[in-house]
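Shown next, in structure tokens, is the structure this report addresses.
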Amino acid sequence: MSDLPLPVAQVPAAIAPPTPELLQSAMVFTRDKDAEGVIRQCLTTLIPSAEFFPGTVDEAIAQLAERSSPRLLIVDVSGSADPVAQVRNLAEVCEPGTGVIVIGDTNDIRLYRELKQVGVVEYYFKPLVSTLISATANGILTGSVEQRGSRTGKLIIVVGVRAGVGATMIAACTAWHLAEIHQRRVALLDLDLYFGDAALQLDSTPTHALSEALDHPERVDDLFLERATIHVTERLRLLSSLDNLAQLAFPAEDSILSLLAKLMSRYRYVFVDMPGALAPRLLRVLHLPGLCLLVSNASLVSSRDIIRCREIIGPSSAERQVLHILNKNGADGGLPPAEFLRAAGEAPDITIPYDAAIGVSSSLGIKAVLKCATLQRGLEPLFSRIAGEPAAAHRSLAERIMARVLRRP
């Protein structure tokens, strides 16, 4: 271990308490009373509601897996054999907007640099200096501290190559699954401002907040997003508008990019439900790092449009993965698997079989849709790719047929 002194943060002459709008929550996990006493003294004025828990990063991970992340998180890595690995594990359950201060018992410049690369705001070794803790905590709570290397949420864009292929249902079900099953903070953005039905899928009422955010991106801040988003559940938020049909207009791509940047700084997953007609106008959005899902059914016209969408979106890259989801496979009017494969040129990455019960349930809202076993089995590979769930080994008949066609010379 190196004994080089760690960098010392510049302490402001006076620390102003955060405004009520920015004052949120804080959680502190410490292993000893001395460190806890210093931190309590620092946070008494800044955030009196701070919660204190005995323990280390492991206790923090266990708690945050079951509840929302705070604005400020302080964890203790004293005695840890691999503190960097522990903090990486913490990042898996901690939301992007959380500022993390790590305290420990090791004065090591290499450890400091590695923790900063993971996204930690600051690392301080014991005995703690109250002025440094106060300054950094204040910066996190007010948003004035720069978090270099901090993570942002994962972007998932869902594009229906044609209306009616089920893209909104897939976006809503996947967002709900991540929020309710994995307890992650999720935002769903419905970019169809005139005919979008994400709100209907999620048993919610659209507002004009999304239109306002796109018309005036400079007004969008944390307070706006907290008040303007539709609270579908404790962890799932929706931005959806249903605007006047007499005033049809396309949203500006720069406004969408600005809104997405702010959403990804707050939420672990950000879903964008994008109508196929908008895709050619939003190429910069489609090429952002993340996951792009092209949804089609098995119709001949969908096989044509999936090719056209691939042409403008391009192939997968190191930062962006493009997947094709074939929905309603086997429905009347759809091509048989082998014919669809020949027409589309490539096999779909995920296939969801047709089930009349899914269509009936979709008119009853998300809770009814989620009871459809066929849909859940079809979405398992998508859940696996996004959240790391183990996918079932079974394959549908259509997927087996396509696999055989691909093996033919």
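By order of appearance in the structure tokens: chains A, B, ..., then residues from 1 within every chain, and ligands from 1 in the order shown.
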
Could you pull out the alpha helix (DSSP H) residues of segment 85-137 of chain A, going by DSSP on the backbone, and write them as a list in words? Ala85, Gln86, Val87, Arg88, Asn89, Leu90, Ala91, Glu92, Val93, Ile109, Arg110, Leu111, Tyr112, Arg113, Glu114, Leu115, Lys116, Gln117, Val118, Ser130, Thr131, Leu132, Ile133, Ser134, Ala135, Thr136 and Ala137 of chain A

Using N, CA and C atoms, can you export the residues from the last selection as an mmCIF file, in the first residue's frame?
data_model
loop_
_atom_site.group_PDB
_atom_site.id
_atom_site.type_symbol
_atom_site.label_atom_id
_atom_site.label_comp_id
_atom_site.auth_asym_id
_atom_site.auth_seq_id
_atom_site.Cartn_x
_atom_site.Cartn_y
_atom_site.Cartn_z
ATOM 1 N N ALA A 85 -14.425 -3.686 -5.426
ATOM 2 C CA ALA A 85 -15.431 -4.649 -5.876
ATOM 3 C C ALA A 85 -16.732 -4.464 -5.107
ATOM 4 N N GLN A 86 -16.627 -4.181 -3.820
ATOM 5 C CA GLN A 86 -17.835 -3.952 -3.027
ATOM 6 C C GLN A 86 -18.603 -2.728 -3.517
ATOM 7 N N VAL A 87 -17.872 -1.667 -3.831
ATOM 8 C CA VAL A 87 -18.529 -0.452 -4.304
ATOM 9 C C VAL A 87 -19.136 -0.675 -5.693
ATOM 10 N N ARG A 88 -18.497 -1.486 -6.527
ATOM 11 C CA ARG A 88 -19.099 -1.831 -7.820
ATOM 12 C C ARG A 88 -20.420 -2.566 -7.618
ATOM 13 N N ASN A 89 -20.449 -3.476 -6.655
ATOM 14 C CA ASN A 89 -21.702 -4.175 -6.355
ATOM 15 C C ASN A 89 -22.757 -3.201 -5.842
ATOM 16 N N LEU A 90 -22.321 -2.222 -5.077
ATOM 17 C CA LEU A 90 -23.242 -1.200 -4.584
ATOM 18 C C LEU A 90 -23.844 -0.417 -5.748
ATOM 19 N N ALA A 91 -23.029 -0.169 -6.777
ATOM 20 C CA ALA A 91 -23.509 0.597 -7.933
ATOM 21 C C ALA A 91 -24.640 -0.113 -8.654
ATOM 22 N N GLU A 92 -24.723 -1.440 -8.521
ATOM 23 C CA GLU A 92 -25.766 -2.194 -9.194
ATOM 24 C C GLU A 92 -27.141 -1.956 -8.587
ATOM 25 N N VAL A 93 -27.198 -1.553 -7.327
ATOM 26 C CA VAL A 93 -28.488 -1.314 -6.676
ATOM 27 C C VAL A 93 -28.710 0.159 -6.384
ATOM 28 N N ILE A 109 -3.395 6.094 -2.430
ATOM 29 C CA ILE A 109 -3.748 6.893 -3.585
ATOM 30 C C ILE A 109 -4.334 6.033 -4.701
ATOM 31 N N ARG A 110 -3.871 4.766 -4.802
ATOM 32 C CA ARG A 110 -4.417 3.895 -5.843
ATOM 33 C C ARG A 110 -5.876 3.550 -5.557
ATOM 34 N N LEU A 111 -6.164 3.289 -4.295
ATOM 35 C CA LEU A 111 -7.551 3.015 -3.913
ATOM 36 C C LEU A 111 -8.429 4.222 -4.211
ATOM 37 N N TYR A 112 -7.922 5.408 -3.882
ATOM 38 C CA TYR A 112 -8.666 6.644 -4.135
ATOM 39 C C TYR A 112 -9.013 6.774 -5.619
ATOM 40 N N ARG A 113 -8.025 6.551 -6.479
ATOM 41 C CA ARG A 113 -8.248 6.706 -7.917
ATOM 42 C C ARG A 113 -9.235 5.672 -8.447
ATOM 43 N N GLU A 114 -9.125 4.430 -7.968
ATOM 44 C CA GLU A 114 -10.032 3.381 -8.436
ATOM 45 C C GLU A 114 -11.471 3.650 -8.004
ATOM 46 N N LEU A 115 -11.644 4.143 -6.780
ATOM 47 C CA LEU A 115 -12.986 4.462 -6.304
ATOM 48 C C LEU A 115 -13.574 5.637 -7.083
ATOM 49 N N LYS A 116 -12.760 6.606 -7.436
ATOM 50 C CA LYS A 116 -13.235 7.729 -8.227
ATOM 51 C C LYS A 116 -13.676 7.256 -9.619
ATOM 52 N N GLN A 117 -12.939 6.302 -10.190
ATOM 53 C CA GLN A 117 -13.295 5.782 -11.505
ATOM 54 C C GLN A 117 -14.625 5.044 -11.470
ATOM 55 N N VAL A 118 -14.927 4.401 -10.351
ATOM 56 C CA VAL A 118 -16.196 3.702 -10.201
ATOM 57 C C VAL A 118 -17.361 4.680 -10.145
ATOM 58 N N SER A 130 -14.197 16.889 9.751
ATOM 59 C CA SER A 130 -15.597 17.310 9.614
ATOM 60 C C SER A 130 -15.801 18.330 8.502
ATOM 61 N N THR A 131 -14.852 19.251 8.305
ATOM 62 C CA THR A 131 -15.028 20.276 7.268
ATOM 63 C C THR A 131 -15.069 19.664 5.869
ATOM 64 N N LEU A 132 -14.267 18.611 5.652
ATOM 65 C CA LEU A 132 -14.264 17.953 4.344
ATOM 66 C C LEU A 132 -15.565 17.203 4.102
ATOM 67 N N ILE A 133 -16.033 16.470 5.112
ATOM 68 C CA ILE A 133 -17.289 15.743 4.986
ATOM 69 C C ILE A 133 -18.436 16.715 4.726
ATOM 70 N N SER A 134 -18.462 17.822 5.475
ATOM 71 C CA SER A 134 -19.533 18.814 5.323
ATOM 72 C C SER A 134 -19.541 19.414 3.925
ATOM 73 N N ALA A 135 -18.362 19.762 3.431
ATOM 74 C CA ALA A 135 -18.272 20.395 2.114
ATOM 75 C C ALA A 135 -18.750 19.458 1.017
ATOM 76 N N THR A 136 -18.324 18.205 1.058
ATOM 77 C CA THR A 136 -18.712 17.258 0.020
ATOM 78 C C THR A 136 -20.187 16.908 0.113
ATOM 79 N N ALA A 137 -20.677 16.691 1.334
ATOM 80 C CA ALA A 137 -22.099 16.380 1.510
ATOM 81 C C ALA A 137 -22.973 17.531 1.014
#

Using only C-alpha atoms, determine which residues lie at most 9 Å from Ala331 of chain A, disregarding the query and same-chain residues fewer than 6 positions distant; provide the list as a VMD selection string. chain A and resid 297 to 299 353 to 356

Go ahead and dump the residues you just picked, C-alpha atoms, as an mmCIF file, in the first residue's frame.
data_model
loop_
_atom_site.group_PDB
_atom_site.id
_atom_site.type_symbol
_atom_site.label_atom_id
_atom_site.label_comp_id
_atom_site.auth_asym_id
_atom_site.auth_seq_id
_atom_site.Cartn_x
_atom_site.Cartn_y
_atom_site.Cartn_z
ATOM 1 C CA ASN A 297 -45.305 -8.718 -36.286
ATOM 2 C CA ALA A 298 -45.007 -11.511 -38.864
ATOM 3 C CA SER A 299 -46.863 -9.730 -41.668
ATOM 4 C CA PRO A 353 -46.038 -16.202 -29.945
ATOM 5 C CA TYR A 354 -49.522 -14.957 -30.706
ATOM 6 C CA ASP A 355 -52.056 -15.474 -27.940
ATOM 7 C CA ALA A 356 -55.571 -14.059 -28.205
#

Per residue of segment 178-254 of chain A within 9 Å of segment 358-382 of chain A, which atom pair is closest and at what distance in Å (one decimal), using only C-alpha atoms, listed by chain and increasing number, as CSV?
residue,atom,partner,partner_atom,distance
A:Leu200,CA,A:Gly365,CA,6.7
A:Gln201,CA,A:Gly365,CA,4.9
A:Leu202,CA,A:Ile366,CA,5.4
A:Asp203,CA,A:Gly365,CA,5.7

Go ahead and save the residues from that selection, with C-alpha atoms, as an mmCIF file, in the first residue's frame.
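Just written: part39.cif:
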data_model
loop_
_atom_site.group_PDB
_atom_site.id
_atom_site.type_symbol
_atom_site.label_atom_id
_atom_site.label_comp_id
_atom_site.auth_asym_id
_atom_site.auth_seq_id
_atom_site.Cartn_x
_atom_site.Cartn_y
_atom_site.Cartn_z
ATOM 1 C CA LEU A 200 -53.659 3.559 -21.037
ATOM 2 C CA GLN A 201 -51.433 0.498 -20.758
ATOM 3 C CA LEU A 202 -50.295 1.639 -17.323
ATOM 4 C CA ASP A 203 -53.764 2.613 -16.066
#

Excluding same-chain residues fewer than 5 positions from Leu323 of chain A, what lies within 9 Å of it counting only C-alpha atoms, as a ChimeraX atom specification? /A:291-295,316,348-350

With N, CA and C atoms retained, write the just-selected residues as a PDB file, in the first residue's frame.
ATOM      1  N   LEU A 291     -29.791   0.258 -25.688  1.00  0.00           N
ATOM      2  CA  LEU A 291     -30.419  -0.885 -26.344  1.00  0.00           C
ATOM      3  C   LEU A 291     -31.559  -0.372 -27.200  1.00  0.00           C
ATOM      4  N   CYS A 292     -31.580  -0.770 -28.471  1.00  0.00           N
ATOM      5  CA  CYS A 292     -32.635  -0.374 -29.395  1.00  0.00           C
ATOM      6  C   CYS A 292     -33.406  -1.620 -29.809  1.00  0.00           C
ATOM      7  N   LEU A 293     -34.712  -1.632 -29.528  1.00  0.00           N
ATOM      8  CA  LEU A 293     -35.564  -2.776 -29.821  1.00  0.00           C
ATOM      9  C   LEU A 293     -36.481  -2.436 -30.985  1.00  0.00           C
ATOM     10  N   LEU A 294     -36.364  -3.175 -32.085  1.00  0.00           N
ATOM     11  CA  LEU A 294     -37.252  -3.016 -33.229  1.00  0.00           C
ATOM     12  C   LEU A 294     -38.335  -4.075 -33.130  1.00  0.00           C
ATOM     13  N   VAL A 295     -39.578  -3.644 -33.039  1.00  0.00           N
ATOM     14  CA  VAL A 295     -40.693  -4.573 -32.832  1.00  0.00           C
ATOM     15  C   VAL A 295     -41.509  -4.665 -34.111  1.00  0.00           C
ATOM     16  N   SER A 316     -25.564  -3.233 -34.685  1.00  0.00           N
ATOM     17  CA  SER A 316     -25.107  -3.060 -33.308  1.00  0.00           C
ATOM     18  C   SER A 316     -23.661  -2.587 -33.295  1.00  0.00           C
ATOM     19  N   PRO A 348     -35.347 -13.078 -36.223  1.00  0.00           N
ATOM     20  CA  PRO A 348     -35.539 -12.195 -35.067  1.00  0.00           C
ATOM     21  C   PRO A 348     -34.714 -12.682 -33.874  1.00  0.00           C
ATOM     22  N   ASP A 349     -34.343 -11.751 -33.017  1.00  0.00           N
ATOM     23  CA  ASP A 349     -33.583 -12.108 -31.818  1.00  0.00           C
ATOM     24  C   ASP A 349     -34.496 -12.673 -30.732  1.00  0.00           C
ATOM     25  N   ILE A 350     -35.730 -12.189 -30.671  1.00  0.00           N
ATOM     26  CA  ILE A 350     -36.699 -12.634 -29.670  1.00  0.00           C
ATOM     27  C   ILE A 350     -38.035 -12.828 -30.366  1.00  0.00           C
TER      28      ILE A 350
END

Running DSSP on the backbone, which parts of segment 268-318 of chain A land in strand (DSSP E), as a ChimeraX atom specification? /A:269-275,290-296

Please provide the set of residues having any atom within 10 Å of Glu218 of chain A, restricted to only C-alpha atoms, with same-chain residues fewer than 6 positions apart removed, written as a list in words.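 Final neighbour list, sorted by chain and number: Ser255, Ser258 and Leu259 of chain A.
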
For those residues, write C-alpha atoms to a file as a PDB file, in the first residue's frame.
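Output contents, as saved in out-v9.pdb:
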ATOM      1  CA  SER A 255     -35.213  18.851 -26.794  1.00  0.00           C
ATOM      2  CA  SER A 258     -31.786  17.217 -23.370  1.00  0.00           C
ATOM      3  CA  LEU A 259     -34.713  15.520 -21.626  1.00  0.00           C
TER       4      LEU A 259
END

Write out, as JSON lines, each residue of segment 79-150 of chain A that has an atom at most 12 Å from segment 21-42 of chain A, together with the closest pair of atoms and their distance in Å to one decimal, counting only C-alpha atoms, rows going by chain and rising number.
{"residue": "A:Gly79", "atom": "CA", "partner": "A:Arg31", "partner_atom": "CA", "distance": 9.5}
{"residue": "A:Ser80", "atom": "CA", "partner": "A:Arg31", "partner_atom": "CA", "distance": 11.3}
{"residue": "A:Cys94", "atom": "CA", "partner": "A:Met27", "partner_atom": "CA", "distance": 11.9}
{"residue": "A:Gly97", "atom": "CA", "partner": "A:Gln24", "partner_atom": "CA", "distance": 11.4}
{"residue": "A:Thr98", "atom": "CA", "partner": "A:Ala26", "partner_atom": "CA", "distance": 9.3}
{"residue": "A:Gly99", "atom": "CA", "partner": "A:Ala26", "partner_atom": "CA", "distance": 9.5}
{"residue": "A:Val100", "atom": "CA", "partner": "A:Met27", "partner_atom": "CA", "distance": 9.8}
{"residue": "A:Ile101", "atom": "CA", "partner": "A:Val28", "partner_atom": "CA", "distance": 9.3}
{"residue": "A:Val102", "atom": "CA", "partner": "A:Phe29", "partner_atom": "CA", "distance": 9.7}
{"residue": "A:Ile103", "atom": "CA", "partner": "A:Thr30", "partner_atom": "CA", "distance": 8.4}
{"residue": "A:Gly104", "atom": "CA", "partner": "A:Thr30", "partner_atom": "CA", "distance": 9.4}
{"residue": "A:Asp105", "atom": "CA", "partner": "A:Ala35", "partner_atom": "CA", "distance": 10.6}
{"residue": "A:Tyr124", "atom": "CA", "partner": "A:Ala35", "partner_atom": "CA", "distance": 10.8}
{"residue": "A:Phe125", "atom": "CA", "partner": "A:Ala35", "partner_atom": "CA", "distance": 10.0}
{"residue": "A:Lys126", "atom": "CA", "partner": "A:Ala35", "partner_atom": "CA", "distance": 7.5}
{"residue": "A:Pro127", "atom": "CA", "partner": "A:Ala35", "partner_atom": "CA", "distance": 7.2}
{"residue": "A:Leu128", "atom": "CA", "partner": "A:Ala35", "partner_atom": "CA", "distance": 6.5}
{"residue": "A:Val129", "atom": "CA", "partner": "A:Val38", "partner_atom": "CA", "distance": 7.7}
{"residue": "A:Ser130", "atom": "CA", "partner": "A:Val38", "partner_atom": "CA", "distance": 6.0}
{"residue": "A:Thr131", "atom": "CA", "partner": "A:Cys42", "partner_atom": "CA", "distance": 7.7}
{"residue": "A:Leu132", "atom": "CA", "partner": "A:Cys42", "partner_atom": "CA", "distance": 9.3}
{"residue": "A:Ile133", "atom": "CA", "partner": "A:Cys42", "partner_atom": "CA", "distance": 6.7}
{"residue": "A:Ser134", "atom": "CA", "partner": "A:Cys42", "partner_atom": "CA", "distance": 5.2}
{"residue": "A:Ala135", "atom": "CA", "partner": "A:Cys42", "partner_atom": "CA", "distance": 8.9}
{"residue": "A:Thr136", "atom": "CA", "partner": "A:Cys42", "partner_atom": "CA", "distance": 10.2}
{"residue": "A:Ala137", "atom": "CA", "partner": "A:Cys42", "partner_atom": "CA", "distance": 8.3}
{"residue": "A:Asn138", "atom": "CA", "partner": "A:Cys42", "partner_atom": "CA", "distance": 9.4}
{"residue": "A:Gly139", "atom": "CA", "partner": "A:Leu22", "partner_atom": "CA", "distance": 10.9}
{"residue": "A:Ile140", "atom": "CA", "partner": "A:Leu22", "partner_atom": "CA", "distance": 9.7}
{"residue": "A:Leu141", "atom": "CA", "partner": "A:Leu23", "partner_atom": "CA", "distance": 6.1}
{"residue": "A:Thr142", "atom": "CA", "partner": "A:Leu22", "partner_atom": "CA", "distance": 5.9}
{"residue": "A:Gly143", "atom": "CA", "partner": "A:Leu22", "partner_atom": "CA", "distance": 8.0}
{"residue": "A:Ser144", "atom": "CA", "partner": "A:Leu22", "partner_atom": "CA", "distance": 10.9}

Would you save the residues from that selection as a PDB file, in the first residue's frame, using C-alpha atoms?
ATOM      1  CA  GLY A  79     -11.506  -3.820   6.893  1.00  0.00           C
ATOM      2  CA  SER A  80     -12.685  -4.792   3.410  1.00  0.00           C
ATOM      3  CA  CYS A  94     -27.792   2.408  -6.369  1.00  0.00           C
ATOM      4  CA  GLY A  97     -28.546  10.362  -9.083  1.00  0.00           C
ATOM      5  CA  THR A  98     -27.088   9.228  -5.757  1.00  0.00           C
ATOM      6  CA  GLY A  99     -23.860  10.876  -4.598  1.00  0.00           C
ATOM      7  CA  VAL A 100     -21.625   8.415  -2.739  1.00  0.00           C
ATOM      8  CA  ILE A 101     -18.964   9.235  -0.159  1.00  0.00           C
ATOM      9  CA  VAL A 102     -16.760   6.328   0.887  1.00  0.00           C
ATOM     10  CA  ILE A 103     -14.855   6.290   4.180  1.00  0.00           C
ATOM     11  CA  GLY A 104     -12.211   3.793   5.208  1.00  0.00           C
ATOM     12  CA  ASP A 105      -9.087   3.091   7.200  1.00  0.00           C
ATOM     13  CA  TYR A 124     -11.854   9.935   3.034  1.00  0.00           C
ATOM     14  CA  PHE A 125      -9.769   7.867   5.413  1.00  0.00           C
ATOM     15  CA  LYS A 126     -10.099   7.947   9.193  1.00  0.00           C
ATOM     16  CA  PRO A 127      -9.903   9.895  11.377  1.00  0.00           C
ATOM     17  CA  LEU A 128     -12.464  11.947   9.488  1.00  0.00           C
ATOM     18  CA  VAL A 129     -12.190  15.721   9.076  1.00  0.00           C
ATOM     19  CA  SER A 130     -15.597  17.310   9.614  1.00  0.00           C
ATOM     20  CA  THR A 131     -15.028  20.276   7.268  1.00  0.00           C
ATOM     21  CA  LEU A 132     -14.264  17.953   4.344  1.00  0.00           C
ATOM     22  CA  ILE A 133     -17.289  15.743   4.986  1.00  0.00           C
ATOM     23  CA  SER A 134     -19.533  18.814   5.323  1.00  0.00           C
ATOM     24  CA  ALA A 135     -18.272  20.395   2.114  1.00  0.00           C
ATOM     25  CA  THR A 136     -18.712  17.258   0.020  1.00  0.00           C
ATOM     26  CA  ALA A 137     -22.099  16.380   1.510  1.00  0.00           C
ATOM     27  CA  ASN A 138     -23.329  19.915   0.863  1.00  0.00           C
ATOM     28  CA  GLY A 139     -22.135  19.721  -2.741  1.00  0.00           C
ATOM     29  CA  ILE A 140     -24.026  16.475  -3.304  1.00  0.00           C
ATOM     30  CA  LEU A 141     -27.237  17.733  -1.720  1.00  0.00           C
ATOM     31  CA  THR A 142     -27.222  20.982  -3.687  1.00  0.00           C
ATOM     32  CA  GLY A 143     -26.062  19.400  -6.926  1.00  0.00           C
ATOM     33  CA  SER A 144     -23.020  21.661  -7.141  1.00  0.00           C
TER      34      SER A 144
END

State, in Å with one decimal place, the distance from atom CA of Gly55 of chain A to atom CA of Glu95 of chain A.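 Those two atoms sit 20.2 Å apart.
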
Which is closest to Leu43 of chain A among A:Ile61, A:Leu72, A:Leu283, A:Val121, if we use only C-alpha atoms?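 Closest candidate: A:Leu72.
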
Point out the residue among A:Ala387, A:Leu214, A:Cys309, A:Ile352 with the least atom-to-atom distance to Ala179 of chain A, counting only C-alpha atoms. A:Ala387
